[in-house]
file run12.txt (compact mmCIF, C-alpha atoms and all ligand atoms)
# COMPACT_ATOMS: atom_id res chain seq x y z
CA MET A 280 -17.89 -36.24 -14.02
CA LYS A 281 -14.84 -38.13 -15.36
CA ILE A 282 -11.44 -36.93 -14.24
CA GLY A 283 -7.95 -37.12 -15.70
CA LEU A 284 -5.69 -36.55 -12.70
CA LEU A 285 -2.23 -35.08 -13.35
CA GLY A 286 0.13 -36.01 -10.52
CA LEU A 287 -0.21 -38.37 -7.57
CA GLY A 288 1.93 -36.49 -5.06
CA THR A 289 0.70 -35.15 -1.73
CA ILE A 290 -2.43 -33.35 -2.97
CA GLY A 291 -3.01 -35.71 -5.91
CA SER A 292 -3.12 -38.76 -3.67
CA GLY A 293 -5.40 -36.79 -1.30
CA ILE A 294 -7.97 -35.98 -3.99
CA TYR A 295 -7.78 -39.55 -5.33
CA GLU A 296 -8.61 -40.89 -1.84
CA HIS A 297 -11.47 -38.40 -1.38
CA LEU A 298 -13.02 -39.15 -4.78
CA LYS A 299 -12.87 -42.92 -4.27
CA ALA A 300 -15.70 -42.43 -1.76
CA ARG A 301 -17.92 -40.49 -4.23
CA ASP A 302 -20.28 -41.85 -6.81
CA ASP A 303 -20.66 -38.72 -8.96
CA ILE A 304 -16.97 -37.93 -9.68
CA GLU A 305 -14.62 -40.64 -10.93
CA VAL A 306 -10.89 -40.60 -11.64
CA VAL A 307 -10.50 -42.56 -14.87
CA LYS A 308 -6.84 -41.84 -15.71
CA ILE A 309 -3.80 -40.67 -13.79
CA LEU A 310 -0.70 -39.11 -15.35
CA GLU A 311 2.25 -40.35 -13.29
CA LEU A 312 5.82 -41.30 -13.98
CA LEU A 313 5.94 -43.78 -11.09
CA ARG A 314 3.64 -46.80 -10.82
CA HIS A 315 1.58 -47.31 -7.65
CA PRO A 316 0.46 -50.83 -6.66
CA GLY A 317 -3.25 -51.32 -7.41
CA LEU A 318 -3.47 -48.22 -9.63
CA GLU A 319 -1.53 -49.48 -12.66
CA HIS A 320 -4.76 -49.83 -14.69
CA LEU A 321 -5.35 -46.05 -14.34
CA GLU A 322 -1.78 -44.82 -14.68
CA THR A 323 -0.14 -43.52 -17.83
CA SER A 324 2.99 -41.52 -18.54
CA ASP A 325 1.52 -40.06 -21.74
CA PHE A 326 -0.61 -36.92 -21.33
CA ASN A 327 -2.09 -37.47 -24.83
CA GLU A 328 -4.01 -40.45 -23.48
CA ILE A 329 -5.89 -38.03 -21.22
CA LEU A 330 -6.16 -35.28 -23.81
CA SER A 331 -7.64 -37.54 -26.48
CA ASP A 332 -10.02 -39.43 -24.18
CA PRO A 333 -13.52 -38.07 -24.95
CA GLU A 334 -14.84 -39.59 -21.73
CA ILE A 335 -12.66 -37.22 -19.64
CA ASP A 336 -14.42 -33.88 -19.24
CA THR A 337 -12.22 -32.43 -16.48
CA VAL A 338 -8.48 -32.39 -15.83
CA VAL A 339 -7.20 -31.95 -12.28
CA GLU A 340 -3.68 -30.48 -12.54
CA LEU A 341 -1.67 -31.22 -9.41
CA ILE A 342 1.82 -31.55 -10.84
CA GLY A 343 2.59 -27.96 -9.82
CA GLY A 344 5.47 -25.83 -11.12
CA MET A 345 5.61 -23.97 -14.41
CA GLU A 346 6.23 -26.68 -17.01
CA PRO A 347 4.78 -28.98 -18.16
CA ALA A 348 1.81 -27.74 -16.07
CA HIS A 349 1.32 -24.66 -18.26
CA THR A 350 1.46 -26.57 -21.56
CA PHE A 351 -0.85 -29.35 -20.30
CA THR A 352 -3.36 -26.79 -18.96
CA VAL A 353 -3.46 -24.88 -22.26
CA GLN A 354 -3.86 -28.14 -24.22
CA ALA A 355 -6.62 -29.39 -21.93
CA LEU A 356 -8.58 -26.11 -22.16
CA LYS A 357 -8.14 -26.05 -25.96
CA ALA A 358 -9.47 -29.61 -26.07
CA GLY A 359 -12.64 -28.36 -24.34
CA LYS A 360 -11.93 -29.82 -20.92
CA ASN A 361 -12.41 -28.04 -17.59
CA VAL A 362 -9.27 -27.70 -15.48
CA VAL A 363 -9.15 -27.61 -11.68
CA SER A 364 -5.80 -26.76 -10.11
CA ALA A 365 -3.89 -25.64 -7.02
CA ASN A 366 -0.98 -24.32 -9.10
CA LYS A 367 -0.30 -20.79 -7.84
CA LEU A 368 3.12 -20.46 -9.55
CA MET A 369 1.79 -21.21 -13.02
CA LEU A 370 -1.46 -19.25 -12.65
CA SER A 371 0.21 -16.15 -11.21
CA HIS A 372 2.44 -15.94 -14.30
CA HIS A 373 -0.20 -16.82 -16.93
CA MET A 374 -3.46 -15.61 -15.41
CA GLU A 375 -4.85 -13.59 -18.30
CA GLU A 376 -3.98 -16.26 -20.87
CA ILE A 377 -5.49 -19.14 -18.90
CA LEU A 378 -8.71 -17.39 -17.84
CA THR A 379 -9.27 -15.91 -21.32
CA LEU A 380 -8.75 -19.30 -22.94
CA ALA A 381 -11.20 -20.96 -20.54
CA ARG A 382 -13.79 -18.28 -21.25
CA ASP A 383 -13.32 -18.52 -25.02
CA MET A 384 -13.59 -22.31 -24.95
CA GLY A 385 -16.72 -22.21 -22.76
CA VAL A 386 -15.08 -24.34 -20.06
CA GLN A 387 -14.04 -23.61 -16.48
CA TYR A 388 -10.64 -23.12 -14.89
CA ARG A 389 -11.11 -23.36 -11.11
CA TYR A 390 -8.30 -22.33 -8.82
CA ASP A 391 -9.96 -22.12 -5.41
CA ALA A 392 -7.22 -24.34 -3.94
CA SER A 393 -4.37 -22.09 -5.07
CA VAL A 394 -4.68 -19.55 -2.23
CA GLY A 395 -5.40 -20.40 1.40
CA GLY A 396 -5.68 -24.21 1.11
CA SER A 397 -9.04 -25.23 2.57
CA ILE A 398 -10.20 -21.67 3.30
CA PRO A 399 -12.99 -20.45 0.96
CA PHE A 400 -11.20 -17.13 0.45
CA LEU A 401 -10.87 -16.73 -3.32
CA TYR A 402 -14.41 -17.89 -3.93
CA ASN A 403 -15.78 -15.22 -1.63
CA LEU A 404 -13.41 -12.62 -3.01
CA MET A 405 -14.87 -13.32 -6.47
CA ARG A 406 -18.41 -12.92 -5.16
CA TYR A 407 -17.66 -9.72 -3.19
CA ARG A 408 -16.05 -8.02 -6.13
CA GLY A 409 -19.24 -7.18 -8.01
CA ALA A 410 -20.95 -5.72 -4.94
CA ASP A 411 -18.13 -3.66 -3.44
CA THR A 412 -14.90 -1.85 -4.18
CA LEU A 413 -12.25 -3.97 -2.52
CA THR A 414 -9.46 -1.87 -1.06
CA GLY A 415 -7.08 -4.23 0.74
CA ILE A 416 -5.84 -7.76 1.34
CA CYS A 417 -3.60 -8.71 4.23
CA GLY A 418 -2.64 -11.97 5.87
CA ILE A 419 -0.65 -15.15 6.29
CA VAL A 420 -0.90 -17.37 3.21
CA ASN A 421 2.06 -19.72 3.56
CA GLY A 422 1.69 -22.60 6.00
CA THR A 423 5.33 -23.74 5.88
CA THR A 424 6.80 -20.40 6.98
CA ASN A 425 4.08 -19.92 9.58
CA LEU A 426 4.96 -23.29 11.08
CA ILE A 427 8.66 -22.37 11.10
CA LEU A 428 8.15 -18.93 12.69
CA ASP A 429 5.59 -20.18 15.21
CA VAL A 430 7.56 -23.21 16.37
CA MET A 431 10.92 -21.37 16.44
CA GLN A 432 9.44 -18.73 18.75
CA ARG A 433 7.21 -20.92 20.97
CA GLU A 434 9.42 -24.01 21.25
CA GLY A 435 12.88 -22.61 20.54
CA ARG A 436 13.49 -25.18 17.78
CA ALA A 437 15.93 -24.62 14.92
CA PHE A 438 14.89 -23.37 11.45
CA ASP A 439 16.13 -26.43 9.50
CA ASP A 440 14.55 -28.84 11.94
CA VAL A 441 11.07 -27.26 11.57
CA LEU A 442 11.45 -26.95 7.80
CA ALA A 443 12.18 -30.69 7.62
CA GLU A 444 9.00 -31.31 9.61
CA ALA A 445 6.98 -29.12 7.20
CA GLN A 446 8.39 -31.18 4.31
CA LYS A 447 7.46 -34.44 6.04
CA LEU A 448 3.93 -33.19 6.71
CA GLY A 449 3.51 -32.32 3.02
CA TYR A 450 3.19 -28.55 3.56
CA ALA A 451 6.40 -27.40 1.87
CA GLU A 452 6.80 -26.95 -1.89
CA ALA A 453 8.92 -29.46 -3.84
CA ASN A 454 11.63 -26.81 -3.70
CA PRO A 455 11.14 -25.26 -0.25
CA SER A 456 13.04 -22.11 -1.21
CA ALA A 457 9.71 -21.06 -2.77
CA ASP A 458 8.31 -21.07 0.77
CA VAL A 459 11.23 -19.63 2.76
CA ASP A 460 12.04 -16.89 0.22
CA GLY A 461 8.42 -15.70 0.08
CA VAL A 462 7.83 -16.66 -3.57
CA ASP A 463 4.85 -18.92 -2.82
CA ALA A 464 3.21 -16.14 -0.79
CA MET A 465 3.99 -13.64 -3.56
CA CYS A 466 2.26 -15.84 -6.19
CA LYS A 467 -0.81 -16.12 -3.93
CA LEU A 468 -0.88 -12.34 -3.40
CA CYS A 469 -0.69 -11.84 -7.16
CA ILE A 470 -3.72 -14.10 -7.76
CA ALA A 471 -5.81 -12.68 -4.90
CA SER A 472 -5.01 -9.08 -5.89
CA ALA A 473 -6.01 -9.70 -9.52
CA VAL A 474 -9.36 -11.02 -8.33
CA ALA A 475 -9.87 -8.18 -5.84
CA TYR A 476 -8.82 -5.19 -7.93
CA GLN A 477 -9.40 -6.60 -11.43
CA LYS A 478 -5.87 -5.52 -12.37
CA TYR A 479 -2.96 -7.90 -12.85
CA VAL A 480 -0.26 -7.24 -10.26
CA ARG A 481 2.81 -8.67 -11.98
CA PRO A 482 4.82 -11.03 -9.74
CA GLU A 483 8.02 -9.07 -10.46
CA ASP A 484 6.37 -5.85 -9.20
CA ILE A 485 5.62 -7.34 -5.76
CA ALA A 486 8.39 -6.44 -3.26
CA THR A 487 9.19 -9.84 -1.74
CA GLU A 488 11.27 -10.76 1.27
CA GLY A 489 11.26 -14.18 2.95
CA ILE A 490 12.47 -15.60 6.25
CA ARG A 491 15.56 -17.54 5.12
CA HIS A 492 17.99 -15.53 7.27
CA ILE A 493 16.07 -15.31 10.56
CA ARG A 494 18.14 -16.43 13.58
CA ALA A 495 17.30 -17.51 17.12
CA GLY A 496 18.96 -14.24 18.28
CA ASP A 497 16.41 -12.17 16.33
CA ILE A 498 13.55 -13.96 18.05
CA ILE A 499 14.87 -12.90 21.47
CA PHE A 500 14.46 -9.24 20.42
CA PHE A 501 10.92 -9.90 19.16
CA GLY A 502 9.99 -11.30 22.58
CA GLN A 503 11.44 -8.18 24.29
CA MET A 504 9.27 -6.03 21.99
CA ASN A 505 6.14 -8.11 22.89
CA LYS A 506 5.83 -9.14 19.28
CA VAL A 507 5.92 -12.26 17.14
CA CYS A 508 7.12 -12.57 13.57
CA ARG A 509 4.77 -13.63 10.78
CA LEU A 510 5.30 -13.64 6.98
CA LEU A 511 2.56 -11.28 5.78
CA VAL A 512 1.24 -10.47 2.33
CA ASN A 513 -0.21 -7.00 1.83
CA SER A 514 -1.87 -5.27 -1.07
CA ALA A 515 -4.08 -2.21 -1.10
CA LEU A 516 -5.41 0.51 -3.35
CA ASN A 517 -3.44 3.74 -3.00
CA THR A 518 -5.44 6.98 -3.12
CA ASP A 519 -4.13 7.73 -6.64
CA GLY A 520 -5.41 4.40 -8.01
CA SER A 521 -2.03 2.66 -7.97
CA ILE A 522 -1.60 -0.48 -5.86
CA ARG A 523 0.86 -1.25 -3.08
CA ALA A 524 1.83 -4.94 -3.02
CA TYR A 525 4.49 -6.55 -0.86
CA VAL A 526 5.43 -9.66 1.07
CA GLU A 527 7.65 -9.31 4.12
CA PRO A 528 8.27 -10.75 7.59
CA THR A 529 6.37 -8.53 10.01
CA LEU A 530 6.54 -8.14 13.78
CA VAL A 531 2.95 -8.09 14.98
CA PRO A 532 1.78 -7.42 18.56
CA ASN A 533 1.43 -10.52 20.77
CA ASP A 534 -2.32 -9.99 21.04
CA SER A 535 -2.99 -9.49 17.32
CA THR A 536 -5.06 -11.82 15.12
CA GLU A 537 -1.95 -12.95 13.25
CA ALA A 538 -0.03 -13.79 16.44
CA ALA A 539 -2.79 -16.26 17.33
CA VAL A 540 -2.36 -18.11 14.02
CA HIS A 541 -0.31 -21.19 14.81
CA MET A 542 1.28 -24.09 12.92
CA ASN A 543 0.37 -24.42 9.21
CA ASN A 544 -2.74 -22.24 9.56
CA ASN A 545 -3.45 -19.22 7.39
CA THR A 546 -5.44 -16.05 8.00
CA ILE A 547 -6.49 -13.66 5.25
CA SER A 548 -8.43 -10.43 5.57
CA VAL A 549 -10.15 -8.56 2.80
CA THR A 550 -11.35 -4.99 3.21
CA GLY A 551 -14.04 -3.34 1.10
CA GLU A 552 -15.71 0.06 1.13
CA TYR A 553 -19.10 -1.44 2.05
CA CYS A 554 -18.32 -4.78 3.68
CA GLY A 555 -15.63 -3.51 6.07
CA THR A 556 -12.99 -6.09 6.95
CA HIS A 557 -13.70 -9.83 6.81
CA THR A 558 -11.13 -12.29 8.12
CA PHE A 559 -10.89 -15.91 7.01
CA GLN A 560 -8.88 -18.49 8.94
CA GLY A 561 -8.10 -22.17 8.66
CA GLN A 562 -5.69 -24.77 7.37
CA GLY A 563 -3.78 -23.31 4.47
CA ALA A 564 -1.60 -26.24 3.44
CA GLY A 565 -1.47 -30.01 3.49
CA LYS A 566 -2.90 -33.06 1.77
CA HIS A 567 -6.50 -33.19 2.97
CA PRO A 568 -7.25 -29.45 3.38
CA THR A 569 -5.98 -28.70 -0.14
CA ALA A 570 -7.65 -31.77 -1.67
CA PHE A 571 -10.89 -30.59 -0.05
CA ALA A 572 -10.54 -27.23 -1.85
CA VAL A 573 -9.85 -29.02 -5.14
CA GLU A 574 -13.07 -30.99 -4.67
CA LEU A 575 -15.00 -27.76 -4.03
CA GLY A 576 -13.84 -26.58 -7.47
CA LEU A 577 -14.97 -29.85 -9.04
CA ARG A 578 -18.35 -29.63 -7.32
CA ASP A 579 -18.84 -26.03 -8.49
CA ILE A 580 -18.44 -27.24 -12.06
CA LEU A 581 -20.77 -30.17 -11.45
CA ASP A 582 -23.36 -27.89 -9.86
CA GLY A 583 -23.11 -25.38 -12.71
CA VAL A 584 -21.70 -22.54 -10.58
CA SER A 585 -21.16 -19.74 -13.05
CA PRO A 586 -17.73 -19.24 -14.63
CA ARG A 587 -18.56 -15.51 -14.50
CA LEU A 588 -17.20 -15.81 -10.99
CA ASN A 589 -13.78 -16.05 -12.66
CA PRO A 590 -12.90 -12.43 -13.45
CA ILE A 591 -10.22 -11.79 -16.06
CA PRO A 592 -7.88 -8.95 -15.01
CA GLU A 593 -8.13 -5.83 -17.18
CA GLY A 594 -4.51 -4.81 -17.80
CA ASN A 595 -1.55 -4.44 -15.46
CA ALA A 596 -1.68 -2.65 -12.12
CA ASP A 597 0.54 0.36 -11.54
CA VAL A 598 2.41 -0.81 -8.42
CA ASP A 599 3.76 1.86 -6.07
CA ASN A 600 5.20 0.81 -2.71
CA ARG A 601 6.49 4.30 -1.85
CA GLN A 602 3.17 5.16 -0.22
CA ALA A 603 3.31 2.33 2.36
CA ARG A 604 5.44 3.36 5.36
CA HIS A 605 6.38 1.83 8.70
CA ALA A 606 9.39 1.18 10.93
CA TYR A 607 11.56 -1.90 10.38
CA TYR A 608 13.55 -4.27 12.54
CA LEU A 609 16.95 -4.69 10.85
CA ARG A 610 19.76 -7.03 11.89
CA THR A 611 22.92 -6.64 9.90
CA ALA A 612 26.69 -6.56 10.12
CA ALA A 613 26.72 -3.67 7.59
CA HIS A 614 26.28 0.01 8.43
CA PRO A 615 22.52 0.67 8.02
CA GLY A 616 23.00 4.11 6.42
CA VAL A 617 19.51 5.31 7.45
CA PRO A 618 18.23 6.78 10.76
CA VAL A 619 18.01 3.93 13.29
CA ARG A 620 17.81 3.19 17.02
CA LYS A 621 20.29 0.49 17.98
CA LEU A 622 18.89 -2.29 20.17
CA SER A 623 22.08 -4.24 20.80
CA ASP A 624 25.01 -6.06 19.25
CA THR A 625 24.10 -9.65 18.46
CA GLU A 626 25.25 -12.67 16.50
CA GLY A 627 25.34 -11.57 12.86
CA GLY A 628 26.00 -7.87 13.59
CA ALA A 629 23.70 -5.55 15.47
CA ALA A 630 19.93 -5.21 15.74
CA TYR A 631 18.24 -1.88 14.99
CA VAL A 632 14.80 -0.36 14.61
CA THR A 633 14.55 2.17 11.78
CA GLU A 634 12.50 5.35 11.62
CA PRO A 635 9.31 4.85 9.57
CA MET A 636 10.35 4.44 5.93
CA SER A 637 8.63 3.32 2.76
CA VAL A 638 8.41 -0.33 1.76
CA ALA A 639 10.06 0.56 -1.55
CA ASP A 640 13.01 2.22 0.23
CA MET A 641 13.49 -0.65 2.73
CA HIS A 642 13.51 -3.38 0.08
CA ALA A 643 15.95 -1.31 -2.01
CA LEU A 644 18.16 -0.67 1.06
CA ALA A 645 18.23 -4.40 1.90
CA ALA A 646 19.30 -5.24 -1.67
CA GLN A 647 22.12 -2.69 -1.36
CA LEU A 648 23.25 -3.85 2.14
CA ARG A 649 23.23 -7.48 1.01
CA GLU A 650 26.25 -6.78 -1.16
CA LYS A 651 28.18 -6.45 2.15
CA ASP A 652 26.06 -8.71 4.36
CA PRO A 653 24.16 -11.37 2.38
CA ARG A 654 22.62 -12.81 5.57
CA LEU A 655 20.92 -9.70 6.93
CA PHE A 656 17.33 -10.03 8.15
CA PHE A 657 14.62 -7.41 8.26
CA ALA A 658 10.98 -7.33 9.25
CA GLY A 659 8.30 -4.64 9.22
CA VAL A 660 7.16 -3.46 12.64
CA ARG A 661 3.43 -3.11 13.17
CA GLU A 662 2.34 -1.10 16.20
CA LYS A 663 -0.86 -1.79 18.13
CA GLU A 664 -3.95 -0.53 16.30
N1 LIG A 701 3.86 -24.68 0.40
C1 LIG A 701 2.55 -24.10 0.57
C2 LIG A 701 2.43 -23.61 2.00
C3 LIG A 701 1.50 -25.12 0.25
O1 LIG A 701 3.25 -23.99 2.83
O2 LIG A 701 1.51 -22.84 2.27
C4 LIG A 701 0.10 -24.60 0.21
O3 LIG A 701 -0.09 -23.69 -0.84
call {"tool": "encode", "arguments": {"input": "run12.txt", "output": "structure tokens", "more": "lines below"}}
Ligand code: HSE
result
Amino acid sequence: MKIGLLGLGTIGSGIYEHLKARDDIEVVKILELLRHPGLEHLETSDFNEILSDPEIDTVVELIGGMEPAHTFTVQALKAGKNVVSANKLMLSHHMEEILTLARDMGVQYRYDASVGGSIPFLYNLMRYRGADTLTGICGIVNGTTNLILDVMQREGRAFDDVLAEAQKLGYAEANPSADVDGVDAMCKLCIASAVAYQKYVRPEDIATEGIRHIRAGDIIFFGQMNKVCRLLVNSALNTDGSIRAYVEPTLVPNDSTEAAVHMNNNTISVTGEYCGTHTFQGQGAGKHPTAFAVELGLRDILDGVSPRLNPIPEGNADVDNRQARHAYYLRTAAHPGVPVRKLSDTEGGAAYVTEPMSVADMHALAAQLREKDPRLFFAGVREKE
């Protein structure tokens, strides 16, 4: 297998290192703006050199972001090349187009690395789908925010300090607001939900809240409630066939599965009518774990693993978050305007716990309260099961 590698950043340099030790997969060209000592003979800044090279059968897209990743992927597939990628932002916005094009061209688009880093979650989700009706996905899919929340609570370190560490370790996105505002997790939930339910859950329909405004004072309340905060993705089939889909900080009991997920690790559960609930855990971000997942995609192509594993979503999901209800922790300087129990005054206003309310109502309320208090923080409260 001859590879054209797009991007030599954190994951790109990881896959290059891994493949140097193989004799059946070879990187023959690298698209890079910068030059790296010893690699100049492979490097080009012109994508057409990769596109027009008949020796290259597979493109590994690790430049990330929307453009030019989308254009290069479409061109590579149209040129009859397989594409392997970890690009959750691009895929979540162009899933039907990319998967349909790959199918029509008789090539593969493999995106195992786009959700859960090294964890073989998507691959198994694809396999389960034919044999079961999948009814729910829940978990931690962003390593950067998990590191921040975990280290803030266990070590009392400051948000910006831990975020800088996540950037240094190569976990954070180029623009880390994608991590801290929940957008990265939302893109991953979109992809996983499309695979699970065979309907496209549009990114803009997923209620998304990140952790940007969490403060040390909030974490003191979480400790008093015997809970820890995790950024969770959730999607599930509602009884009427619509889908609930949301990303939000969630206070989970100290002894829950999610509370035991530390550092950059991820945990993702899938529930099906026949299989029950299966939980996958492992390293969800970083150079070597993600490069490992990219190589799994390459090896699947090499081994002839069927592209039928790549289901194309059939139309858009009807998303309805009014049917998901729970209590919320809310810290704000504004008047909450809904039934609440006040915990205490604190820096940044007062902390409250709301009565159970729908996810749709809470996200709408937060948008409204933000006009008065842009730095409010809220988190779902999960009681012991
Ligand atoms: N920024 C992402 C994360 C990288 O922290 O999980 C892995 O997708």
call {"tool": "residues_around", "arguments": {"input": "run12.txt", "residues": "A:Arg661", "least_positions_apart": "6", "cutoff": "8 Å", "atoms": "all atoms listed in the file", "output": "MDAnalysis selection string"}}
result
chainID A and resid 529:532 605:606
call {"tool": "write_last_selection", "arguments": {"input": "run12.txt", "atoms": "C-alpha atoms", "output": "mmCIF file, in the coordinates of the input"}}
result
data_model
loop_
_atom_site.group_PDB
_atom_site.id
_atom_site.type_symbol
_atom_site.label_atom_id
_atom_site.label_comp_id
_atom_site.auth_asym_id
_atom_site.auth_seq_id
_atom_site.Cartn_x
_atom_site.Cartn_y
_atom_site.Cartn_z
ATOM 1 C CA THR A 529 6.370 -8.530 10.010
ATOM 2 C CA LEU A 530 6.540 -8.140 13.780
ATOM 3 C CA VAL A 531 2.950 -8.090 14.980
ATOM 4 C CA PRO A 532 1.780 -7.420 18.560
ATOM 5 C CA HIS A 605 6.380 1.830 8.700
ATOM 6 C CA ALA A 606 9.390 1.180 10.930
#
call {"tool": "closest_residue", "arguments": {"input": "run12.txt", "among": "A:Gly496, A:Gly489, A:Gly344, A:Gly563", "to": "ligand LIG 701 (chain A)", "atoms": "all atoms listed in the file"}}
result
A:Gly563
call {"tool": "residues_around", "arguments": {"input": "run12.txt", "residues": "A:Val362", "least_positions_apart": "5", "cutoff": "7 Å", "atoms": "only C-alpha atoms", "output": "PyMOL selection string"}}
result
chain A and resi 337-340+352+356+387-389
call {"tool": "residues_near_ligand", "arguments": {"input": "run12.txt", "ligand": "ligand LIG 701 (chain A)", "cutoff": "9 Å", "atoms": "only C-alpha atoms and all ligand atoms", "output": "number ranges by chain"}}
result
A: 365-367, 392-396, 419-426, 445-446, 449-453, 455, 457-458, 463-464, 467, 543-545, 563-565, 569
call {"tool": "atom_distance", "arguments": {"input": "run12.txt", "atom1": "atom CA of A:Glu552", "atom2": "atom CA of A:Arg382"}}
result
29.0 Å
call {"tool": "closest_residue", "arguments": {"input": "run12.txt", "among": "A:Leu368, A:Val363, A:Ile342, A:Cys508", "to": "A:Leu581", "atoms": "all atoms listed in the file"}}
result
A:Val363
call {"tool": "closest_residue", "arguments": {"input": "run12.txt", "among": "A:Ile470, A:Met641, A:Leu448, A:Ala475", "to": "A:Ile290", "atoms": "all atoms listed in the file"}}
result
A:Leu448
call {"tool": "closest_residue", "arguments": {"input": "run12.txt", "among": "A:Gln432, A:Asn589, A:Ser371, A:Thr289", "to": "A:Met345", "atoms": "all atoms listed in the file"}}
result
A:Ser371
call {"tool": "residues_near_point", "arguments": {"input": "run12.txt", "point": "(6.1, 5.8, 3.1)", "cutoff": "6 Å", "atoms": "all atoms listed in the file", "output": "VMD selection string"}}
result
chain A and resid 601 to 604 636 to 637
call {"tool": "write_last_selection", "arguments": {"input": "run12.txt", "atoms": "C-alpha atoms", "output": "PDB file, in the coordinates of the input"}}
result
ATOM      1  CA  ARG A 601       6.490   4.300  -1.850  1.00  0.00           C
ATOM      2  CA  GLN A 602       3.170   5.160  -0.220  1.00  0.00           C
ATOM      3  CA  ALA A 603       3.310   2.330   2.360  1.00  0.00           C
ATOM      4  CA  ARG A 604       5.440   3.360   5.360  1.00  0.00           C
ATOM      5  CA  MET A 636      10.350   4.440   5.930  1.00  0.00           C
ATOM      6  CA  SER A 637       8.630   3.320   2.760  1.00  0.00           C
TER       7      SER A 637
END
call {"tool": "axis_aligned_box", "arguments": {"input": "run12.txt", "around": "stretch 322-326 of chain A", "padding_each_side": "8 Å", "output": "AutoDock Vina command-line options"}}
result
--center_x 0.6 --center_y -40.9 --center_z -18.2 --size_x 20.8 --size_y 23.9 --size_z 23.1
call {"tool": "closest_residue", "arguments": {"input": "run12.txt", "among": "A:Met465, A:Met280, A:Leu298, A:His373", "to": "A:Pro333", "atoms": "only C-alpha atoms"}}
result
A:Met280
